[in-house]
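Worksheet: one structure, shown below.
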Amino acid sequence: MTKQSKITLKYGKTSLDMQQPAGKCLGVLKPKRMSALKDIEAEVTKALENPIGSPPLSEIVGAGDRVTIIASDITRYSATEVFLPHQLNALNRSGVWDSDITVLFALGIHRAQTDEEHISLLGWDVARRVRLVDHDPHDKDNLVHYGETLSNTPVYINRLAAECDKLILTGTITLHYFAGFGGGRKALIPGVAGYETCMANHLLVLKPDKGGKHPMVKTAQLEGNPLHEDLVEGCLMVNPHFGLYTLLNDDREIARITAGDVFDAHVKGCDELMHRNSVDIKKKADLVITSCGGFPKDLNVIQTHKTMEYSYNALKEGGVMILVGECTDGFGNSTMHSWFQHKQLRNFEKALRDNYEINGQTAYSIFLKSKKARIIMVSGLPEQEVKDMSITPASSLDDALAKAEK
């Protein structure tokens with residue numbers, strides 16, 4: 001924890017500044033600085049040739065293989081445009097032509113992307129080299145059924161991932177508020193899974209028999225987390241051949257690359273993330289001021305909620321949180337706003353169990369926090385939409401601080 005007079009909070013593609021309140025000590029929680037890798041090509045080559053728990057990529061792929069690479073969508077920046085050109089070159093050296101490579105974007109149930117967004121994610125040189133496809137969870141003709149998990153999750157996977165010769169997962173490893181960590185198996189489920197698969201897996205957030213959220217479904221928790229275990233089981237049915245994951249610093253630069261077995265490399269990255277990029281909260285505060293880190297982490301309410309979840313760990317019950325998130329894409333899904341029609345916890349949970357929806361689960365999580373703390377939000381959302389979430393809107397950071405003071 002450090003002290004400083006001026007704090008800069010990223011907001012969309014800009015930032016907001018605030019001064020330390022006069023006569024008060026403002027503690028700043030921030031992770032240790034992770035230095036960017038200097039030679040990305042060398043680091044990618046090293047990771048591919050010396051993988052974790054797996055033969056080198058060059059021994060896995062070969063001439064004539066049809067390769068599908070699953071890549072993150074616009075809501076999850078993974079520095080794909082930085083590492084993917086070198087990964088493609090490595091595939092070329094192993095005899096795989098660009099014409100046999102498909103980049104399948106892991107949209108989950110997110111909206112389709114524009115051509116401009118594809119180019120921004122991959123860079124123009126990569127975008128014109130290989131086939132680009134957005135996953136559609138509702139296109140049943142392009143889904144393959146693998147069976148059911150022990151938790152009765154039906155596993156439907158995009159045909160391009162199911163029927164290729166070699167399947168490679170990519171993405172960035174981050175904290176995740178119910179899967180424990182993002183990245184790895186999540187590139188497959190929910191990334192390129194059918195709608196039914198996504199719904200059934202995410203329903204495991206709730207206790208199966210009793211009311212409320214499952215206590216082990218939480219941030220940084222893998223062991224004993226039933227939702228994570230269901231993801232792993234579903235991923236094993238598909239059996240991807242290789243994974244390459246990034247860890248990013250605060251400037252969205254690649255600080256670490258981990259590659260190899262899709263599970264072993266992911267766990268290694270999760271351990272590294274907790275060691276390098278987390279902080280201990282020794283004392284909870286009456287007031288927490290938090291930013292998502294700017295675009296795309298505050299692209300919409302769905303993404304912004306993740307920061308609310310993590311920062312809530314530092315807040316006393318009954319305290320005040322100021323959340324800074326631009327949300328230029330609104331709620332992020334057309335159905336999410338409607339869930340806030342439920343104003344009683346019991347009614348909200350019943351509606352969620354009766355007609356489970358991922359965005360309903362996110363709304364439910366926001367609702368739980370809004371009942372235990374006062375949340376003030378600086379965003380680009382219409383005031384009424386913020387109020388509908390039982391959150392207090394603020395027109396600026398100064399306005400939010402004034403309301404928090406009251």
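Labeling convention for the structure tokens: chains A, B, ... as they appear, residues from 1 per chain, ligands from 1 in order of appearance.
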- Counting only C-alpha atoms, what is within 7 Å of Thr8 of chain A, bar same-chain residues fewer than 5 positions away, as JSON, numbers by chain? {"A": [15, 16, 17, 18]}
Just C-alpha atoms for this one: save the residues we selected as a PDB file, in the first residue's frame.
```
ATOM      1  CA  SER A  15      -8.408   8.548 -17.868  1.00  0.00           C
ATOM      2  CA  LEU A  16      -9.725  10.462 -14.872  1.00  0.00           C
ATOM      3  CA  ASP A  17      -7.559  12.158 -12.250  1.00  0.00           C
ATOM      4  CA  MET A  18      -8.334  12.710  -8.603  1.00  0.00           C
TER       5      MET A  18
END
```
In segment 111-296 of chain A, what's helix (DSSP H, G or I) per DSSP? Answer as a short mmCIF file (atom, residue, chain, number, x, y, z; two decimals) with N, CA, C and O atoms, in the first residue's frame?
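As written to disk, states.cif reads:
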```cif
data_model
loop_
_atom_site.label_atom_id
_atom_site.label_comp_id
_atom_site.auth_asym_id
_atom_site.auth_seq_id
_atom_site.Cartn_x
_atom_site.Cartn_y
_atom_site.Cartn_z
N ASP A 115 -15.66 -6.40 -38.96
CA ASP A 115 -14.38 -6.63 -39.64
C ASP A 115 -13.28 -5.77 -39.03
O ASP A 115 -12.13 -6.21 -38.89
N GLU A 116 -13.65 -4.56 -38.66
CA GLU A 116 -12.66 -3.66 -38.05
C GLU A 116 -12.16 -4.21 -36.72
O GLU A 116 -10.97 -4.10 -36.39
N GLU A 117 -13.07 -4.82 -35.96
CA GLU A 117 -12.67 -5.40 -34.68
C GLU A 117 -11.77 -6.62 -34.90
O GLU A 117 -10.82 -6.83 -34.14
N HIS A 118 -12.05 -7.41 -35.92
CA HIS A 118 -11.18 -8.54 -36.25
C HIS A 118 -9.75 -8.05 -36.52
O HIS A 118 -8.77 -8.62 -36.02
N ILE A 119 -9.66 -7.00 -37.31
CA ILE A 119 -8.34 -6.46 -37.68
C ILE A 119 -7.64 -5.88 -36.45
O ILE A 119 -6.43 -6.06 -36.26
N SER A 120 -8.41 -5.21 -35.58
CA SER A 120 -7.80 -4.63 -34.38
C SER A 120 -7.27 -5.72 -33.45
O SER A 120 -6.28 -5.52 -32.74
N LEU A 121 -7.93 -6.88 -33.43
CA LEU A 121 -7.51 -7.97 -32.56
C LEU A 121 -6.30 -8.73 -33.09
O LEU A 121 -5.47 -9.20 -32.31
N LEU A 122 -6.20 -8.84 -34.41
CA LEU A 122 -5.15 -9.67 -35.00
C LEU A 122 -4.08 -8.88 -35.74
O LEU A 122 -2.98 -9.40 -35.96
N TRP A 124 -3.58 -6.31 -39.34
CA TRP A 124 -3.96 -6.48 -40.74
C TRP A 124 -3.22 -7.65 -41.40
O TRP A 124 -3.81 -8.44 -42.15
N ASP A 125 -1.93 -7.82 -41.10
CA ASP A 125 -1.15 -8.87 -41.76
C ASP A 125 -1.70 -10.26 -41.44
O ASP A 125 -1.81 -11.11 -42.33
N VAL A 126 -2.07 -10.49 -40.18
CA VAL A 126 -2.62 -11.79 -39.80
C VAL A 126 -4.04 -11.95 -40.33
O VAL A 126 -4.42 -13.02 -40.84
N ALA A 127 -4.83 -10.88 -40.26
CA ALA A 127 -6.23 -10.95 -40.67
C ALA A 127 -6.39 -11.34 -42.14
O ALA A 127 -7.38 -11.98 -42.51
N LYS A 140 -26.97 -24.40 -34.40
CA LYS A 140 -26.92 -25.82 -34.04
C LYS A 140 -26.33 -26.69 -35.15
O LYS A 140 -25.77 -27.76 -34.87
N ASP A 141 -26.47 -26.26 -36.39
CA ASP A 141 -25.91 -27.03 -37.50
C ASP A 141 -24.38 -27.06 -37.45
O ASP A 141 -23.76 -27.96 -38.04
N ASN A 142 -23.79 -26.10 -36.79
CA ASN A 142 -22.34 -26.03 -36.70
C ASN A 142 -21.82 -26.35 -35.31
O ASN A 142 -20.76 -25.89 -34.90
N ARG A 159 -18.15 -26.78 -34.66
CA ARG A 159 -17.67 -27.82 -35.56
C ARG A 159 -16.22 -27.56 -36.02
O ARG A 159 -15.45 -28.49 -36.26
N LEU A 160 -15.86 -26.29 -36.18
CA LEU A 160 -14.50 -25.97 -36.62
C LEU A 160 -13.46 -26.39 -35.58
O LEU A 160 -12.31 -26.69 -35.93
N ALA A 161 -13.85 -26.39 -34.31
CA ALA A 161 -12.95 -26.86 -33.25
C ALA A 161 -13.01 -28.38 -33.12
O ALA A 161 -12.00 -29.03 -32.85
N ALA A 162 -14.21 -28.93 -33.34
CA ALA A 162 -14.40 -30.37 -33.13
C ALA A 162 -13.81 -31.22 -34.26
O ALA A 162 -13.34 -32.33 -34.02
N GLY A 184 -7.26 -20.61 -20.68
CA GLY A 184 -7.21 -22.06 -20.69
C GLY A 184 -8.50 -22.67 -21.19
O GLY A 184 -9.00 -22.35 -22.28
N ARG A 185 -9.10 -23.54 -20.37
CA ARG A 185 -10.30 -24.29 -20.75
C ARG A 185 -11.48 -23.39 -21.10
O ARG A 185 -12.38 -23.80 -21.83
N LYS A 186 -11.46 -22.13 -20.61
CA LYS A 186 -12.56 -21.22 -20.92
C LYS A 186 -12.55 -20.76 -22.38
O LYS A 186 -13.57 -20.29 -22.89
N ALA A 187 -11.42 -20.90 -23.06
CA ALA A 187 -11.40 -20.58 -24.49
C ALA A 187 -12.33 -21.52 -25.24
O ALA A 187 -12.95 -21.15 -26.25
N TYR A 195 -25.05 -22.70 -26.76
CA TYR A 195 -25.77 -21.92 -25.75
C TYR A 195 -26.17 -22.80 -24.56
O TYR A 195 -26.03 -22.39 -23.41
N GLU A 196 -26.68 -23.99 -24.83
CA GLU A 196 -27.10 -24.90 -23.75
C GLU A 196 -25.93 -25.25 -22.85
O GLU A 196 -26.07 -25.35 -21.62
N THR A 197 -24.77 -25.46 -23.44
CA THR A 197 -23.57 -25.78 -22.68
C THR A 197 -23.21 -24.63 -21.74
O THR A 197 -22.94 -24.84 -20.55
N CYS A 198 -23.23 -23.43 -22.27
CA CYS A 198 -22.89 -22.24 -21.47
C CYS A 198 -23.85 -22.08 -20.29
O CYS A 198 -23.42 -21.83 -19.16
N MET A 199 -25.15 -22.24 -20.56
CA MET A 199 -26.14 -22.05 -19.51
C MET A 199 -25.99 -23.09 -18.41
O MET A 199 -26.02 -22.78 -17.21
N ALA A 200 -25.85 -24.36 -18.79
CA ALA A 200 -25.77 -25.43 -17.81
C ALA A 200 -24.51 -25.31 -16.95
O ALA A 200 -24.56 -25.50 -15.73
N ASN A 201 -23.39 -24.96 -17.57
CA ASN A 201 -22.16 -24.81 -16.80
C ASN A 201 -22.25 -23.64 -15.83
O ASN A 201 -21.90 -23.76 -14.65
N HIS A 202 -22.75 -22.53 -16.30
CA HIS A 202 -22.78 -21.34 -15.45
C HIS A 202 -23.82 -21.44 -14.33
O HIS A 202 -23.72 -20.74 -13.32
N LEU A 203 -24.81 -22.31 -14.49
CA LEU A 203 -25.79 -22.52 -13.42
C LEU A 203 -25.14 -23.09 -12.17
O LEU A 203 -25.67 -22.97 -11.07
N LEU A 204 -23.96 -23.69 -12.34
CA LEU A 204 -23.24 -24.25 -11.20
C LEU A 204 -22.73 -23.18 -10.25
O LEU A 204 -22.19 -23.49 -9.18
N VAL A 205 -22.91 -21.92 -10.61
CA VAL A 205 -22.62 -20.81 -9.69
C VAL A 205 -23.48 -20.94 -8.44
O VAL A 205 -23.05 -20.61 -7.33
N PRO A 226 -16.89 -26.34 -8.35
CA PRO A 226 -17.63 -27.24 -9.24
C PRO A 226 -17.77 -26.71 -10.66
O PRO A 226 -17.83 -27.49 -11.61
N LEU A 227 -17.79 -25.40 -10.81
CA LEU A 227 -17.92 -24.83 -12.16
C LEU A 227 -16.62 -25.05 -12.94
O LEU A 227 -16.65 -25.47 -14.10
N HIS A 228 -15.49 -24.80 -12.30
CA HIS A 228 -14.20 -25.04 -12.94
C HIS A 228 -14.04 -26.52 -13.29
O HIS A 228 -13.58 -26.87 -14.39
N GLU A 229 -14.39 -27.40 -12.36
CA GLU A 229 -14.24 -28.84 -12.59
C GLU A 229 -15.11 -29.30 -13.76
O GLU A 229 -14.72 -30.18 -14.53
N ASP A 230 -16.27 -28.70 -13.92
CA ASP A 230 -17.15 -29.01 -15.05
C ASP A 230 -16.52 -28.53 -16.36
O ASP A 230 -16.60 -29.22 -17.38
N LEU A 231 -15.88 -27.36 -16.33
CA LEU A 231 -15.18 -26.85 -17.52
C LEU A 231 -14.07 -27.81 -17.94
O LEU A 231 -13.91 -28.11 -19.13
N VAL A 232 -13.30 -28.28 -16.97
CA VAL A 232 -12.19 -29.19 -17.26
C VAL A 232 -12.72 -30.49 -17.86
O VAL A 232 -12.18 -31.00 -18.85
N GLU A 233 -13.80 -31.02 -17.27
CA GLU A 233 -14.36 -32.28 -17.77
C GLU A 233 -14.84 -32.13 -19.21
O GLU A 233 -14.59 -33.00 -20.06
N GLY A 234 -15.52 -31.03 -19.49
CA GLY A 234 -15.99 -30.78 -20.85
C GLY A 234 -14.84 -30.62 -21.83
O GLY A 234 -14.87 -31.11 -22.96
N CYS A 235 -13.79 -29.93 -21.39
CA CYS A 235 -12.62 -29.70 -22.24
C CYS A 235 -11.90 -31.01 -22.54
O CYS A 235 -11.42 -31.22 -23.66
N LEU A 236 -11.84 -31.90 -21.57
CA LEU A 236 -11.20 -33.19 -21.76
C LEU A 236 -11.93 -34.03 -22.81
O LEU A 236 -11.32 -34.84 -23.51
N MET A 237 -13.24 -33.86 -22.91
CA MET A 237 -14.00 -34.59 -23.93
C MET A 237 -13.54 -34.19 -25.34
O MET A 237 -13.45 -35.02 -26.24
N VAL A 238 -13.23 -32.92 -25.50
CA VAL A 238 -12.81 -32.41 -26.80
C VAL A 238 -11.32 -32.69 -27.04
O VAL A 238 -10.89 -32.94 -28.16
N ASP A 264 -1.92 -28.00 -17.88
CA ASP A 264 -0.68 -27.75 -17.13
C ASP A 264 -0.16 -26.34 -17.36
O ASP A 264 0.28 -25.66 -16.41
N ALA A 265 -0.18 -25.89 -18.61
CA ALA A 265 0.31 -24.55 -18.92
C ALA A 265 -0.60 -23.49 -18.30
O ALA A 265 -0.13 -22.43 -17.87
N HIS A 266 -1.89 -23.79 -18.24
CA HIS A 266 -2.83 -22.85 -17.64
C HIS A 266 -2.60 -22.72 -16.14
O HIS A 266 -2.54 -21.60 -15.60
N VAL A 267 -2.46 -23.85 -15.45
CA VAL A 267 -2.23 -23.82 -13.99
C VAL A 267 -0.93 -23.09 -13.67
O VAL A 267 -0.86 -22.30 -12.72
N LYS A 268 0.10 -23.34 -14.48
CA LYS A 268 1.38 -22.63 -14.29
C LYS A 268 1.18 -21.12 -14.41
O LYS A 268 1.70 -20.35 -13.61
N GLY A 269 0.40 -20.71 -15.40
CA GLY A 269 0.13 -19.29 -15.57
C GLY A 269 -0.69 -18.70 -14.44
O GLY A 269 -0.48 -17.56 -14.02
N CYS A 270 -1.65 -19.48 -13.92
CA CYS A 270 -2.46 -19.02 -12.79
C CYS A 270 -1.59 -18.78 -11.56
O CYS A 270 -1.74 -17.77 -10.85
N ASP A 271 -0.68 -19.73 -11.29
CA ASP A 271 0.23 -19.57 -10.16
C ASP A 271 1.10 -18.33 -10.34
O ASP A 271 1.34 -17.58 -9.38
N GLU A 272 1.57 -18.12 -11.55
CA GLU A 272 2.42 -16.96 -11.84
C GLU A 272 1.64 -15.67 -11.66
O GLU A 272 2.15 -14.68 -11.11
N LEU A 273 0.39 -15.66 -12.09
CA LEU A 273 -0.46 -14.47 -11.94
C LEU A 273 -0.64 -14.10 -10.48
O LEU A 273 -0.51 -12.93 -10.10
N MET A 274 -0.95 -15.10 -9.65
CA MET A 274 -1.16 -14.81 -8.23
C MET A 274 0.12 -14.32 -7.57
O MET A 274 0.10 -13.45 -6.68
N HIS A 275 1.25 -14.85 -8.01
CA HIS A 275 2.53 -14.44 -7.43
C HIS A 275 2.92 -13.03 -7.88
O HIS A 275 3.42 -12.23 -7.07
N ARG A 276 2.66 -12.73 -9.14
CA ARG A 276 3.15 -11.48 -9.71
C ARG A 276 2.14 -10.34 -9.70
O ARG A 276 2.52 -9.17 -9.71
#
```
- Item | Contact residues around Trp97 of chain A with only C-alpha atoms at 8 Å, ignoring same-chain residues under 4 positions, as a list in words | Ala63, Gly64, Leu91, Asn92 and Ile101 of chain A
Keeping C-alpha atoms for every residue in the selection just given, could you write it to a file as a PDB file, in the first residue's frame?
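The resulting part-v3.pdb:
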```pdb
ATOM      1  CA  ALA A  63       2.011 -30.919 -43.285  1.00  0.00           C
ATOM      2  CA  GLY A  64      -1.611 -31.223 -44.371  1.00  0.00           C
ATOM      3  CA  LEU A  91       3.109 -23.535 -37.884  1.00  0.00           C
ATOM      4  CA  ASN A  92       4.379 -22.657 -41.378  1.00  0.00           C
ATOM      5  CA  ILE A 101      -5.455 -22.361 -40.566  1.00  0.00           C
TER       6      ILE A 101
END
```
- How many Å lie between atom CA of Ala71 of chain A and atom CA of Lys30 of chain A, rounded to one decimal?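 One can read the atom CA of Ala71 of chain A to atom CA of Lys30 of chain A distance as 28.2 Å.
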- Item | Long-range neighbours of Met377 of chain A as a ChimeraX atom specification, 7 Å cut-off, only C-alpha atoms, 3 positions minimum in chain | /A:322-324,391-394
Selection above as a file: C-alpha atoms, as a PDB file, in the first residue's frame:
```
ATOM      1  CA  ILE A 322     -16.993   4.316  -6.383  1.00  0.00           C
ATOM      2  CA  LEU A 323     -16.771   2.302  -9.601  1.00  0.00           C
ATOM      3  CA  VAL A 324     -15.298   3.908 -12.730  1.00  0.00           C
ATOM      4  CA  ILE A 391     -26.566   1.845  -8.030  1.00  0.00           C
ATOM      5  CA  THR A 392     -26.155   5.620  -7.628  1.00  0.00           C
ATOM      6  CA  PRO A 393     -25.104   7.362 -10.883  1.00  0.00           C
ATOM      7  CA  ALA A 394     -22.463  10.083 -10.853  1.00  0.00           C
TER       8      ALA A 394
END
```
- Item | Who sits within 10 Å of Lys372 of chain A, only C-alpha atoms, same chain under 4 positions skipped, as number ranges by chain | A: 316-320, 367-368
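Among the candidates A:Ser278, A:Asn239, A:Thr246, A:Ser94, the one nearest to Glu163 of chain A when counting only C-alpha atoms is A:Asn239.
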- Item | Distance of atom CA of Leu169 of chain A from atom CA of Arg131 of chain A, expressed in Å to one decimal place |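 Computing it gives 16.0 Å between the two atoms.
Comparing A:Leu381, A:Ile69, A:Ile366, A:Ala179 by their smallest distance to Pro240 of chain A, the closest is A:Ile69 (using only C-alpha atoms).
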- Query: So which one's closest to Leu188 of chain A, A:Pro382, A:Pro208, A:Gly108, A:Gly260? Using only C-alpha atoms, please.
  - Reply: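 Smallest separation from Leu188 of chain A among the options: A:Gly108.
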- Task: Find the residues near Cys327 of chain A: any atom within 10 Å, counting only C-alpha atoms, skip ones fewer than 4 places away on the same chain, and give them as a ChimeraX atom specification.
- Result: /A:11-12,294-304,331-332,378-381
Restricted to all heavy atoms, what would the selected residues look like written as a compact mmCIF listing (two decimals), in the first residue's frame?
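What ended up in out-v8.txt:
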```txt
# COMPACT_ATOMS: atom_id res chain seq x y z
N TYR A 11 -10.23 5.14 -17.83
CA TYR A 11 -11.67 5.21 -18.09
C TYR A 11 -11.88 5.16 -19.60
O TYR A 11 -11.52 6.11 -20.30
CB TYR A 11 -12.23 6.51 -17.51
CG TYR A 11 -13.70 6.76 -17.75
CD1 TYR A 11 -14.67 6.08 -17.02
CD2 TYR A 11 -14.11 7.69 -18.69
CE1 TYR A 11 -16.02 6.33 -17.22
CE2 TYR A 11 -15.46 7.95 -18.90
CZ TYR A 11 -16.41 7.26 -18.16
OH TYR A 11 -17.75 7.51 -18.37
N GLY A 12 -12.39 4.01 -20.11
CA GLY A 12 -12.48 3.87 -21.55
C GLY A 12 -11.10 3.99 -22.17
O GLY A 12 -10.15 3.35 -21.73
N GLY A 294 -9.74 0.68 -17.88
CA GLY A 294 -10.00 1.23 -19.20
C GLY A 294 -10.45 0.19 -20.20
O GLY A 294 -10.70 -0.97 -19.88
N PHE A 295 -10.55 0.62 -21.46
CA PHE A 295 -11.01 -0.23 -22.57
C PHE A 295 -10.04 -1.39 -22.80
O PHE A 295 -8.83 -1.20 -22.73
CB PHE A 295 -11.09 0.62 -23.83
CG PHE A 295 -11.53 -0.13 -25.06
CD1 PHE A 295 -12.87 -0.29 -25.33
CD2 PHE A 295 -10.60 -0.69 -25.92
CE1 PHE A 295 -13.27 -0.99 -26.46
CE2 PHE A 295 -10.99 -1.39 -27.04
CZ PHE A 295 -12.33 -1.54 -27.31
N PRO A 296 -10.48 -2.64 -23.08
CA PRO A 296 -11.90 -3.04 -23.19
C PRO A 296 -12.49 -3.57 -21.90
O PRO A 296 -13.60 -4.10 -21.91
CB PRO A 296 -11.81 -4.15 -24.23
CG PRO A 296 -10.51 -4.83 -23.92
CD PRO A 296 -9.58 -3.73 -23.49
N LYS A 297 -11.75 -3.44 -20.79
CA LYS A 297 -12.23 -4.01 -19.54
C LYS A 297 -13.47 -3.31 -19.00
O LYS A 297 -14.18 -3.85 -18.17
CB LYS A 297 -11.12 -4.00 -18.49
CG LYS A 297 -9.95 -4.92 -18.86
CD LYS A 297 -8.89 -4.91 -17.79
CE LYS A 297 -7.71 -5.83 -18.16
NZ LYS A 297 -6.68 -5.86 -17.11
N ASP A 298 -13.72 -2.08 -19.48
CA ASP A 298 -14.96 -1.39 -19.08
C ASP A 298 -15.86 -1.16 -20.29
O ASP A 298 -16.62 -0.20 -20.34
CB ASP A 298 -14.65 -0.09 -18.36
CG ASP A 298 -13.99 0.97 -19.25
OD1 ASP A 298 -13.64 0.64 -20.40
OD2 ASP A 298 -13.85 2.12 -18.80
N LEU A 299 -15.79 -2.09 -21.25
CA LEU A 299 -16.57 -1.96 -22.48
C LEU A 299 -18.06 -1.96 -22.20
O LEU A 299 -18.83 -1.24 -22.85
CB LEU A 299 -16.21 -3.09 -23.44
CG LEU A 299 -16.95 -3.16 -24.77
CD1 LEU A 299 -16.63 -1.94 -25.63
CD2 LEU A 299 -16.58 -4.44 -25.53
N ASN A 300 -18.50 -2.77 -21.23
CA ASN A 300 -19.92 -2.87 -20.91
C ASN A 300 -20.08 -3.24 -19.45
O ASN A 300 -19.10 -3.47 -18.72
CB ASN A 300 -20.61 -3.88 -21.83
CG ASN A 300 -19.91 -5.23 -21.84
OD1 ASN A 300 -19.59 -5.78 -20.79
ND2 ASN A 300 -19.67 -5.78 -23.03
N VAL A 301 -21.34 -3.35 -19.01
CA VAL A 301 -21.61 -3.65 -17.60
C VAL A 301 -21.12 -5.05 -17.24
O VAL A 301 -20.62 -5.28 -16.14
CB VAL A 301 -23.12 -3.51 -17.31
CG1 VAL A 301 -23.45 -4.00 -15.90
CG2 VAL A 301 -23.56 -2.06 -17.48
N ILE A 302 -21.28 -6.00 -18.17
CA ILE A 302 -20.86 -7.37 -17.90
C ILE A 302 -19.38 -7.42 -17.55
O ILE A 302 -18.97 -8.07 -16.58
CB ILE A 302 -21.16 -8.27 -19.11
CG1 ILE A 302 -22.68 -8.40 -19.32
CG2 ILE A 302 -20.55 -9.65 -18.93
CD1 ILE A 302 -23.07 -9.08 -20.62
N GLN A 303 -18.55 -6.72 -18.32
CA GLN A 303 -17.12 -6.71 -18.06
C GLN A 303 -16.78 -5.86 -16.82
O GLN A 303 -15.93 -6.23 -16.01
CB GLN A 303 -16.37 -6.18 -19.28
CG GLN A 303 -16.55 -7.01 -20.54
CD GLN A 303 -16.20 -8.47 -20.36
OE1 GLN A 303 -15.21 -8.81 -19.73
NE2 GLN A 303 -17.05 -9.35 -20.88
N THR A 304 -17.46 -4.74 -16.67
CA THR A 304 -17.19 -3.83 -15.56
C THR A 304 -17.50 -4.48 -14.22
O THR A 304 -16.83 -4.22 -13.21
CB THR A 304 -18.01 -2.54 -15.73
OG1 THR A 304 -17.58 -1.88 -16.93
CG2 THR A 304 -17.82 -1.59 -14.56
N PHE A 331 -25.03 -2.48 -21.56
CA PHE A 331 -24.98 -3.63 -20.66
C PHE A 331 -24.17 -4.77 -21.26
O PHE A 331 -23.70 -5.65 -20.54
CB PHE A 331 -26.40 -4.10 -20.34
CG PHE A 331 -27.08 -3.28 -19.29
CD1 PHE A 331 -27.76 -2.12 -19.62
CD2 PHE A 331 -27.02 -3.64 -17.95
CE1 PHE A 331 -28.37 -1.35 -18.65
CE2 PHE A 331 -27.61 -2.87 -16.97
CZ PHE A 331 -28.30 -1.72 -17.32
N GLY A 332 -24.02 -4.80 -22.58
CA GLY A 332 -23.26 -5.85 -23.21
C GLY A 332 -24.11 -6.99 -23.73
O GLY A 332 -23.63 -7.87 -24.44
N VAL A 378 -19.47 5.94 -12.01
CA VAL A 378 -19.17 6.93 -13.04
C VAL A 378 -19.10 6.17 -14.36
O VAL A 378 -18.24 5.31 -14.55
CB VAL A 378 -17.83 7.63 -12.77
CG1 VAL A 378 -17.55 8.67 -13.86
CG2 VAL A 378 -17.82 8.28 -11.40
N SER A 379 -20.01 6.48 -15.27
CA SER A 379 -20.07 5.73 -16.53
C SER A 379 -20.72 6.58 -17.61
O SER A 379 -21.12 7.72 -17.37
CB SER A 379 -20.90 4.45 -16.33
OG SER A 379 -22.28 4.75 -16.22
N GLY A 380 -20.84 6.00 -18.80
CA GLY A 380 -21.55 6.65 -19.89
C GLY A 380 -22.97 6.16 -20.02
O GLY A 380 -23.66 6.48 -20.99
N LEU A 381 -23.44 5.37 -19.07
CA LEU A 381 -24.79 4.83 -19.11
C LEU A 381 -25.82 5.91 -18.77
O LEU A 381 -25.54 6.83 -17.99
CB LEU A 381 -24.94 3.69 -18.09
CG LEU A 381 -24.11 2.43 -18.33
CD1 LEU A 381 -24.18 1.53 -17.08
CD2 LEU A 381 -24.62 1.68 -19.55
```
- Message: Can you pull out the residues contacting Ala79 of chain A? Cut-off 7 Å, using only C-alpha atoms, and skip same-chain residues under 3 positions away; I want them as a list in words.
- Response: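 Skipping anything fewer than 3 positions along the chain leaves Val82, Phe83 and Ile254 of chain A.
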- Task: Return the single residue from A:Val96, A:Val61, A:Leu248, A:Met336 that is closest to Asn359 of chain A, with distances computed using only C-alpha atoms.
- Result: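 Of A:Val96, A:Val61, A:Leu248, A:Met336, the one nearest Asn359 of chain A is A:Met336, counting only C-alpha atoms.
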- Can you list, as a count of residues only, every residue of segment 144-359 of chain A that DSSP puts in strand (DSSP E)? 52
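Across A:Leu150, A:Leu175, A:Met389, A:Val130, the tightest approach to Pro85 of chain A is made by A:Val130 when counting only C-alpha atoms.
For the choices A:Arg128, A:Lys350, A:Lys284, A:Lys343, the atom-to-atom distance to Leu315 of chain A is smallest for A:Lys284 when using only C-alpha atoms.
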